[in-house]
$ cat protein.txt   # compact mmCIF, C-alpha atoms and all ligand atoms
# COMPACT_ATOMS: atom_id res chain seq x y z
CA MET A 1 -10.25 -3.63 20.85
CA LYS A 2 -10.33 -1.66 17.60
CA PRO A 3 -8.22 -3.13 14.81
CA ILE A 4 -5.08 -1.24 13.79
CA LEU A 5 -5.18 -0.41 10.09
CA TYR A 6 -2.34 0.17 7.64
CA MET A 7 -2.75 1.81 4.24
CA ALA A 8 -0.83 -0.44 1.84
CA PRO A 9 1.78 1.07 -0.45
CA ILE A 10 0.47 1.15 -4.02
CA GLN A 11 3.04 2.69 -6.34
CA GLY A 12 1.44 5.51 -8.37
CA ILE A 13 -1.66 5.71 -6.15
CA THR A 14 -0.97 6.04 -2.42
CA ASN A 15 1.56 8.81 -2.86
CA CYS A 16 1.79 11.91 -0.73
CA VAL A 17 -0.92 13.81 -2.69
CA TYR A 18 -3.37 10.91 -2.22
CA ARG A 19 -2.49 10.37 1.45
CA ASN A 20 -2.93 14.06 2.32
CA VAL A 21 -6.31 14.44 0.61
CA TYR A 22 -7.52 11.08 1.91
CA SER A 23 -6.62 11.89 5.47
CA ARG A 24 -8.41 15.27 5.35
CA LEU A 25 -11.67 13.60 4.33
CA PHE A 26 -11.65 10.11 5.83
CA ASP A 27 -10.84 8.36 9.08
CA GLY A 28 -9.62 4.91 9.84
CA TYR A 29 -5.97 4.38 9.03
CA ASP A 30 -3.38 4.37 11.81
CA PHE A 31 -0.34 3.89 9.57
CA ALA A 32 0.62 4.08 5.92
CA ILE A 33 3.61 2.45 4.29
CA ALA A 34 4.87 4.68 1.50
CA PRO A 35 5.49 3.13 -1.95
CA PHE A 36 9.03 1.82 -2.24
CA ILE A 37 12.15 3.86 -2.81
CA ARG A 38 14.95 1.90 -4.39
CA ASN A 39 17.39 4.20 -6.03
CA SER A 40 20.76 4.07 -4.45
CA ASN A 41 21.87 7.22 -6.14
CA VAL A 42 20.12 9.47 -3.66
CA GLY A 43 23.00 11.93 -3.67
CA SER A 44 22.37 13.85 -6.87
CA ALA A 45 18.70 13.02 -7.30
CA LYS A 46 17.88 13.20 -3.59
CA SER A 47 15.03 15.66 -3.76
CA LYS A 48 13.25 13.82 -6.58
CA ILE A 49 13.55 10.35 -5.07
CA LEU A 50 12.64 11.37 -1.55
CA ARG A 51 10.05 14.01 -2.46
CA ASP A 52 7.16 11.71 -1.61
CA ILE A 53 8.28 11.35 2.00
CA PHE A 54 9.45 14.90 2.70
CA VAL A 55 7.84 15.70 6.02
CA ALA A 56 6.80 19.19 4.96
CA ARG A 57 4.77 17.72 2.09
CA ASN A 58 3.05 15.11 4.24
CA SER A 59 0.09 16.31 6.28
CA ALA A 60 -1.79 13.04 6.79
CA ASP A 61 -2.70 12.28 10.38
CA PHE A 62 -1.62 8.63 10.27
CA GLU A 63 2.00 7.64 10.82
CA LEU A 64 3.99 7.29 7.60
CA ILE A 65 6.62 4.57 7.27
CA PRO A 66 8.92 4.77 4.23
CA GLN A 67 9.80 1.60 2.36
CA ILE A 68 13.10 0.42 0.91
CA LEU A 69 13.42 -2.05 -1.97
CA SER A 70 17.04 -3.15 -2.13
CA LYS A 71 19.37 -6.05 -1.51
CA SER A 72 22.38 -3.80 -1.22
CA GLU A 73 23.39 -3.37 2.41
CA GLU A 74 25.07 -0.10 1.57
CA ASP A 75 21.89 1.34 0.02
CA PHE A 76 19.72 0.00 2.83
CA ILE A 77 21.96 1.66 5.42
CA SER A 78 22.32 4.99 3.63
CA LEU A 79 18.62 5.25 2.78
CA SER A 80 17.60 4.33 6.34
CA LYS A 81 19.90 6.98 7.77
CA ILE A 82 18.55 9.64 5.41
CA MET A 83 15.00 8.58 6.32
CA PHE A 84 15.87 8.83 10.02
CA GLU A 85 17.24 12.34 9.49
CA LEU A 86 13.97 13.22 7.77
CA GLY A 87 12.15 12.07 10.92
CA TYR A 88 11.23 8.45 10.20
CA LYS A 89 11.92 6.18 13.16
CA THR A 90 10.80 3.06 11.28
CA VAL A 91 11.64 1.82 7.80
CA ASN A 92 9.92 -1.03 6.01
CA TRP A 93 11.94 -3.49 3.90
CA ASN A 94 10.15 -4.72 0.80
CA LEU A 95 10.53 -8.48 0.42
CA GLY A 96 7.24 -8.81 -1.38
CA CYS A 97 7.43 -7.08 -4.75
CA PRO A 98 6.20 -9.69 -7.28
CA HIS A 99 7.27 -8.08 -10.56
CA LYS A 100 9.31 -10.40 -12.68
CA ARG A 101 12.01 -7.86 -13.46
CA ILE A 102 12.57 -7.30 -9.74
CA ARG A 103 12.06 -10.92 -8.68
CA SER A 104 14.48 -12.24 -11.28
CA LYS A 105 17.21 -10.06 -9.78
CA ASN A 106 16.46 -11.60 -6.39
CA ARG A 107 14.93 -8.43 -5.04
CA GLY A 108 11.48 -8.04 -3.46
CA SER A 109 9.82 -11.45 -3.18
CA GLY A 110 12.70 -12.89 -5.24
CA LEU A 111 14.96 -12.61 -2.20
CA LEU A 112 12.74 -14.96 -0.16
CA SER A 113 14.34 -17.94 -1.92
CA GLU A 114 17.61 -16.97 -0.24
CA PRO A 115 16.86 -17.00 3.50
CA GLY A 116 20.60 -16.92 4.28
CA THR A 117 21.02 -13.66 2.33
CA VAL A 118 18.02 -12.07 4.10
CA VAL A 119 19.49 -13.01 7.50
CA GLU A 120 22.95 -11.78 6.50
CA ILE A 121 21.61 -8.44 5.26
CA LEU A 122 19.59 -7.94 8.45
CA ASN A 123 22.63 -8.90 10.54
CA ASN A 124 24.77 -6.34 8.77
CA VAL A 125 22.18 -3.58 8.56
CA ILE A 126 20.15 -3.57 11.77
CA THR A 127 22.97 -2.64 14.13
CA LYS A 128 24.18 0.12 11.81
CA ILE A 129 20.96 2.05 11.41
CA PRO A 130 19.05 4.12 13.95
CA ASN A 131 15.61 3.09 12.68
CA GLU A 132 13.41 0.20 13.67
CA VAL A 133 12.79 -2.23 10.79
CA SER A 134 9.55 -3.80 9.70
CA LEU A 135 9.25 -6.33 6.84
CA LYS A 136 6.66 -6.70 4.09
CA VAL A 137 6.73 -10.20 2.64
CA ARG A 138 4.88 -12.75 0.51
CA LEU A 139 4.86 -16.51 1.06
CA GLY A 140 7.77 -16.84 -1.36
CA GLY A 141 8.98 -15.78 -4.77
CA GLU A 142 7.76 -18.85 -6.60
CA ASP A 143 7.53 -21.48 -3.91
CA ASN A 144 5.12 -20.90 -1.03
CA SER A 145 7.34 -22.66 1.50
CA GLU A 146 10.13 -20.05 1.29
CA LEU A 147 8.74 -17.72 3.95
CA ARG A 148 8.10 -20.64 6.27
CA ASN A 149 11.80 -21.54 6.03
CA LEU A 150 12.83 -17.96 6.72
CA LEU A 151 10.51 -17.02 9.60
CA PRO A 152 12.15 -19.02 12.43
CA ARG A 153 15.48 -17.42 11.51
CA LEU A 154 14.07 -13.93 12.06
CA ASP A 155 13.02 -14.42 15.67
CA ASP A 156 16.19 -12.93 17.16
CA PHE A 157 16.03 -9.69 15.17
CA PRO A 158 14.30 -6.76 16.88
CA LEU A 159 11.71 -6.26 14.13
CA LYS A 160 8.73 -3.92 14.58
CA ASN A 161 6.49 -6.37 12.74
CA ILE A 162 6.17 -8.57 9.67
CA ILE A 163 3.44 -7.77 7.14
CA ILE A 164 2.46 -10.94 5.29
CA HIS A 165 0.59 -11.07 1.98
CA PRO A 166 -0.22 -14.77 1.62
CA ARG A 167 0.48 -15.25 -2.09
CA THR A 168 3.73 -16.03 -3.89
CA GLY A 169 5.38 -13.45 -6.12
CA SER A 170 4.76 -15.51 -9.24
CA GLN A 171 1.03 -15.48 -8.44
CA MET A 172 1.06 -11.68 -8.68
CA TYR A 173 -2.58 -11.08 -7.65
CA SER A 174 -4.23 -14.14 -9.12
CA GLY A 175 -5.65 -17.09 -7.22
CA GLY A 176 -6.96 -16.75 -3.71
CA VAL A 177 -4.97 -15.70 -0.67
CA ASP A 178 -3.63 -18.80 1.09
CA ILE A 179 -5.05 -18.54 4.60
CA PRO A 180 -3.87 -21.98 5.81
CA ALA A 181 -0.29 -21.04 4.80
CA PHE A 182 -0.70 -17.69 6.59
CA GLU A 183 -1.86 -19.52 9.73
CA GLU A 184 1.17 -21.76 9.54
CA CYS A 185 3.39 -18.68 9.32
CA LEU A 186 1.86 -17.38 12.56
CA SER A 187 3.01 -20.49 14.35
CA LEU A 188 6.56 -20.03 13.04
CA THR A 189 7.33 -16.54 14.30
CA LYS A 190 7.37 -14.69 17.58
CA HIS A 191 7.05 -11.35 15.81
CA THR A 192 3.86 -9.34 15.53
CA VAL A 193 2.24 -10.14 12.19
CA VAL A 194 0.13 -7.79 10.09
CA TYR A 195 -2.31 -9.50 7.72
CA ASN A 196 -2.50 -8.15 4.15
CA GLY A 197 -4.52 -9.38 1.20
CA ASP A 198 -7.88 -8.98 -0.54
CA ILE A 199 -9.71 -7.10 2.22
CA ASP A 200 -12.32 -5.57 -0.04
CA SER A 201 -15.40 -5.22 2.18
CA LEU A 202 -16.51 -5.16 5.79
CA GLU A 203 -17.83 -8.70 5.35
CA THR A 204 -14.46 -9.99 4.12
CA PHE A 205 -12.74 -8.24 7.00
CA LYS A 206 -15.13 -9.79 9.54
CA ARG A 207 -14.66 -13.24 8.04
CA LEU A 208 -10.87 -12.90 8.24
CA ALA A 209 -11.01 -11.45 11.77
CA ASP A 210 -13.08 -14.45 12.90
CA ARG A 211 -10.69 -16.88 11.26
CA LEU A 212 -7.54 -15.12 12.56
CA PRO A 213 -8.38 -14.12 16.15
CA THR A 214 -4.77 -13.36 17.15
CA ILE A 215 -4.34 -10.73 14.42
CA SER A 216 -4.94 -7.15 15.51
CA MET A 217 -3.21 -5.34 12.64
CA TRP A 218 -4.46 -5.32 9.08
CA MET A 219 -3.18 -3.77 5.87
CA ILE A 220 -5.61 -2.68 3.18
CA GLY A 221 -4.55 -2.01 -0.41
CA ARG A 222 -6.70 -2.16 -3.51
CA GLY A 223 -9.94 -2.62 -1.57
CA GLY A 224 -9.35 0.68 0.23
CA ILE A 225 -8.72 2.52 -3.03
CA THR A 226 -11.91 1.23 -4.64
CA ASN A 227 -13.84 1.86 -1.44
CA PRO A 228 -12.30 4.75 0.51
CA PHE A 229 -15.00 4.28 3.19
CA LEU A 230 -13.77 0.80 4.08
CA PRO A 231 -11.40 1.74 6.96
CA GLU A 232 -14.17 3.83 8.60
CA ARG A 233 -16.57 0.93 8.28
CA ILE A 234 -14.09 -1.52 9.77
CA LYS A 235 -13.42 0.83 12.67
CA ASN A 236 -17.12 1.60 12.92
CA VAL A 237 -16.39 5.33 13.04
CA LYS A 238 -18.97 6.41 10.47
CA THR A 239 -21.85 4.80 8.69
CA ASP A 240 -23.07 7.02 5.90
CA ALA A 241 -26.33 6.85 4.02
CA ASN A 242 -25.94 6.25 0.28
CA ALA A 243 -26.65 9.87 -0.68
CA LYS A 244 -23.95 11.04 1.70
CA ILE A 245 -21.51 8.46 0.31
CA ILE A 246 -21.88 9.89 -3.21
CA GLU A 247 -21.50 13.40 -1.79
CA ARG A 248 -18.32 12.46 0.08
CA PHE A 249 -16.96 10.48 -2.87
CA THR A 250 -17.52 13.49 -5.13
CA GLU A 251 -15.74 15.76 -2.67
CA PHE A 252 -12.84 13.31 -2.44
CA HIS A 253 -12.62 13.09 -6.22
CA ASN A 254 -12.73 16.87 -6.61
CA GLU A 255 -10.08 17.53 -3.99
CA LEU A 256 -7.77 14.88 -5.40
CA PHE A 257 -8.29 16.20 -8.92
CA ASP A 258 -7.50 19.76 -7.73
CA ALA A 259 -4.42 18.56 -5.91
CA TYR A 260 -3.15 16.71 -8.99
CA GLN A 261 -3.79 19.75 -11.17
CA LYS A 262 -1.41 21.64 -8.87
CA GLU A 263 1.09 18.80 -8.65
CA LEU A 264 1.32 17.62 -12.26
CA SER A 265 1.99 19.56 -15.39
CA GLY A 266 -0.12 19.30 -18.50
CA PRO A 267 -3.55 17.77 -19.15
CA ALA A 268 -2.13 14.46 -20.39
CA HIS A 269 -0.44 13.74 -17.06
CA ILE A 270 -3.42 14.88 -15.00
CA ILE A 271 -5.93 12.81 -16.99
CA ALA A 272 -3.60 9.79 -16.94
CA LYS A 273 -3.44 10.00 -13.15
CA MET A 274 -7.23 10.26 -12.86
CA LYS A 275 -7.53 7.28 -15.20
CA GLU A 276 -5.31 5.32 -12.82
CA MET A 277 -7.74 6.24 -10.02
CA TRP A 278 -10.79 5.30 -12.07
CA ARG A 279 -9.37 1.80 -12.67
CA TYR A 280 -10.24 1.30 -8.98
CA TRP A 281 -13.16 3.70 -8.53
CA SER A 282 -15.00 2.28 -11.54
CA MET A 283 -15.61 -0.85 -9.46
CA ALA A 284 -17.42 1.19 -6.79
CA PHE A 285 -20.31 2.21 -9.06
CA GLU A 286 -22.81 0.59 -11.34
CA GLY A 287 -21.78 1.80 -14.80
CA GLY A 288 -18.31 2.69 -13.53
CA ASP A 289 -16.71 0.87 -16.44
CA ARG A 290 -18.30 3.41 -18.80
CA VAL A 291 -16.67 6.25 -16.86
CA LEU A 292 -13.32 4.51 -17.14
CA LYS A 293 -13.79 4.22 -20.91
CA SER A 294 -14.78 7.89 -21.17
CA VAL A 295 -11.78 8.97 -19.11
CA SER A 296 -9.56 6.97 -21.46
CA ARG A 297 -10.94 8.96 -24.40
CA THR A 298 -10.80 12.35 -22.66
CA LYS A 299 -8.16 14.73 -23.88
CA ASN A 300 -8.62 17.86 -21.83
CA VAL A 301 -9.37 18.86 -18.28
CA ASN A 302 -12.65 20.69 -19.02
CA GLN A 303 -14.04 17.71 -20.88
CA TYR A 304 -13.01 15.46 -17.99
CA THR A 305 -14.60 17.74 -15.38
CA ALA A 306 -17.89 17.91 -17.27
CA MET A 307 -18.02 14.15 -17.74
CA VAL A 308 -17.35 13.36 -14.09
CA GLU A 309 -19.77 16.05 -12.83
CA LYS A 310 -22.50 14.53 -14.97
CA PHE A 311 -21.71 11.07 -13.64
CA PHE A 312 -21.81 12.01 -9.95
CA SER A 313 -24.87 14.27 -10.26
CA GLY A 314 -26.77 11.35 -11.85
CA LYS A 315 -26.53 9.66 -8.40
CA PRO A 316 -24.93 6.44 -9.66
CA GLU A 317 -25.82 3.23 -7.88
CA LEU A 318 -23.21 2.12 -5.40
CA LEU A 319 -21.58 -1.30 -5.41
CA ILE A 320 -19.63 -0.69 -2.21
C1 LIG B 401 -0.26 -1.16 -8.57
C2 LIG B 401 0.32 -1.71 -7.30
C3 LIG B 401 1.46 -1.13 -6.75
C4 LIG B 401 2.02 -1.63 -5.56
N1 LIG B 401 3.13 -1.03 -5.03
C5 LIG B 401 3.69 -1.55 -3.89
C6 LIG B 401 4.85 -0.97 -3.28
O1 LIG B 401 5.39 0.06 -3.71
N2 LIG B 401 5.36 -1.58 -2.18
C7 LIG B 401 4.79 -2.71 -1.64
O2 LIG B 401 5.28 -3.23 -0.64
N3 LIG B 401 3.68 -3.24 -2.17
C8 LIG B 401 3.12 -2.70 -3.27
N4 LIG B 401 1.99 -3.25 -3.77
C9 LIG B 401 1.33 -4.37 -3.04
C10 LIG B 401 0.30 -3.85 -2.04
O3 LIG B 401 0.91 -3.05 -1.04
C11 LIG B 401 -0.42 -5.01 -1.33
O4 LIG B 401 0.51 -5.80 -0.68
C12 LIG B 401 -1.19 -5.86 -2.33
O5 LIG B 401 -1.95 -5.07 -3.21
C13 LIG B 401 -2.11 -6.86 -1.60
O6 LIG B 401 -3.01 -6.17 -0.78
P1 LIG B 401 -4.55 -5.88 -1.23
O7 LIG B 401 -5.12 -7.19 -1.65
O8 LIG B 401 -5.21 -5.31 -0.02
O9 LIG B 401 -4.47 -4.93 -2.39
C14 LIG B 401 1.41 -2.74 -4.93
C15 LIG B 401 0.25 -3.30 -5.47
C16 LIG B 401 -0.31 -2.81 -6.64
C17 LIG B 401 -1.57 -3.43 -7.18
$ encode --input "protein.txt" --output "structure tokens" --more "lines below"
Ligand SMILES: Cc1cc2nc3c(=O)[nH]c(=O)nc-3n(C[C@H](O)[C@H](O)[C@H](O)COP(=O)(O)O)c2cc1C
Amino acid sequence: MKPILYMAPIQGITNCVYRNVYSRLFDGYDFAIAPFIRNSNVGSAKSKILRDIFVARNSADFELIPQILSKSEEDFISLSKIMFELGYKTVNWNLGCPHKRIRSKNRGSGLLSEPGTVVEILNNVITKIPNEVSLKVRLGGEDNSELRNLLPRLDDFPLKNIIIHPRTGSQMYSGGVDIPAFEECLSLTKHTVVYNGDIDSLETFKRLADRLPTISMWMIGRGGITNPFLPERIKNVKTDANAKIIERFTEFHNELFDAYQKELSGPAHIIAKMKEMWRYWSMAFEGGDRVLKSVSRTKNVNQYTAMVEKFFSGKPELLI
């Protein structure tokens, strides 16, 4: 059976522009979770906050699931209802965000230390919204036993699935993923679990798939940004020769750059966005760090275009 793949939400990267261009040029993902929406004040600023998930703007051929980051039942309910009206039958609740500012207010992974509050919110929200709910969690905010305390209490809720990133919030992205703790989580829930964390190559995926034979759904984040070919490789849909990889990478870059030139105003914003991309892409090529440095120094779009054209036409060595 082919694995089911989720594109992870990465704020600033896997937005609608990225998802649309990606999906035109690559295969592999079945679902994408959109980066979180948290503003309760959707009334006046509705179009700005929800712009990323407007159906008319989203042309990707994988199913999009919007994400909510909130511990306010009222916001959770009103956002879910708006999302349902927009056409989204599932919403994802973010209980994984590791950022200190969010965690310290007991939101994101910070809420995992309060299993009673999570259960209460779900109790009060699930029956009042038309959408199915999926969860995205870490092992805890600071303590990696928090999720294990919570999981058995979630069994009676009709959740679509639980996406688990086996690190704590305070770890951010450092240290390894805790596979034994993830395995323990599997034994503590009857829900379908999606694995998420550090899938950065086909080899890593295969190793994890061997170790976790009951998992059929996988979420890929940073590894899929650095290597946009990774989902195709995992699904075995395409195996490109190196020359073709550079050609396809160049096309992807150019289409994304064009799309951002239409979407964003002013060279500073466009270059800043491409720099964000190159933080990941630079790891795909030998000498990629030099491109990242050059992008950081680039001031205008023509200079950027010339620099990147030169880089790709020099057939850089691939590290992916
Ligand atoms: C810059 C950045 C932004 C992220 N934004 C979100 C987000 O909006 N919602 C969310 O649930 N996770 C977010 N994440 C976490 C990822 O979805 C994912 O869980 C994490 O990167 C681990 O997966 P990976 O090792 O495959 O990257 C973000 C991660 C990064 C690095």
$ axis_aligned_box --input "protein.txt" --around "region 266-281 of chain A" --padding-each-side "8 Å" --output "JSON"
{"center_x": -6.6, "center_y": 10.3, "center_z": -14.5, "size_x": 29.0, "size_y": 34.0, "size_z": 27.9}
$ closest_residue --input "protein.txt" --among "A:Met172, A:Ala241, A:Met283, A:Leu264" --to "Arg103 (chain A)" --atoms "all atoms listed in the file"
A:Met172
$ closest_residue --input "protein.txt" --among "A:Glu309, A:Asp200, A:Asp52, A:Asp210" --to "ligand LIG 401 (chain B)" --atoms "all atoms listed in the file"
A:Asp200
$ atom_distance --input "protein.txt" --atom1 "CA of Lys48 (chain A)" --atom2 "CA of Tyr22 (chain A)"
22.6 Å
$ closest_residue --input "protein.txt" --among "A:Thr117, A:Ser265, A:Ala60, A:Lys2" --to "Asn15 (chain A)" --atoms "all atoms listed in the file"
A:Ala60
$ residues_near_ligand --input "protein.txt" --ligand "ligand LIG 401 (chain B)" --cutoff "10 Å" --atoms "only C-alpha atoms and all ligand atoms" --output "PyMOL selection string"
chain A and resi 6-15+32-38+66-69+92-99+108-109+135-138+163-167+172-173+176-177+195-200+218-226+276
$ decode --input "protein.txt" --residues "region 148-171 of chain A" --atoms "C-alpha atoms" --output "PDB file, in the first residue's frame"
ATOM      1  CA  ARG A 148       0.963  10.329  27.037  1.00  0.00           C
ATOM      2  CA  ASN A 149      -1.302  11.562  29.850  1.00  0.00           C
ATOM      3  CA  LEU A 150      -3.664  13.194  27.390  1.00  0.00           C
ATOM      4  CA  LEU A 151      -3.992  10.495  24.709  1.00  0.00           C
ATOM      5  CA  PRO A 152      -6.197   7.983  26.594  1.00  0.00           C
ATOM      6  CA  ARG A 153      -8.624  10.818  27.351  1.00  0.00           C
ATOM      7  CA  LEU A 154      -9.091  11.541  23.638  1.00  0.00           C
ATOM      8  CA  ASP A 155     -10.307   8.080  22.652  1.00  0.00           C
ATOM      9  CA  ASP A 156     -14.009   8.930  22.865  1.00  0.00           C
ATOM     10  CA  PHE A 157     -13.798  11.999  20.617  1.00  0.00           C
ATOM     11  CA  PRO A 158     -14.534  11.415  16.931  1.00  0.00           C
ATOM     12  CA  LEU A 159     -11.182  12.747  15.707  1.00  0.00           C
ATOM     13  CA  LYS A 160     -10.058  12.348  12.092  1.00  0.00           C
ATOM     14  CA  ASN A 161      -6.503  11.667  13.229  1.00  0.00           C
ATOM     15  CA  ILE A 162      -3.705  12.841  15.508  1.00  0.00           C
ATOM     16  CA  ILE A 163      -0.483  14.091  13.923  1.00  0.00           C
ATOM     17  CA  ILE A 164       2.395  13.574  16.344  1.00  0.00           C
ATOM     18  CA  HIS A 165       5.778  15.321  16.157  1.00  0.00           C
ATOM     19  CA  PRO A 166       7.828  13.459  18.771  1.00  0.00           C
ATOM     20  CA  ARG A 167       9.677  16.379  20.365  1.00  0.00           C
ATOM     21  CA  THR A 168       8.630  18.689  23.178  1.00  0.00           C
ATOM     22  CA  GLY A 169       7.878  22.347  22.515  1.00  0.00           C
ATOM     23  CA  SER A 170      10.885  23.500  24.521  1.00  0.00           C
ATOM     24  CA  GLN A 171      13.122  21.396  22.264  1.00  0.00           C
TER      25      GLN A 171
END
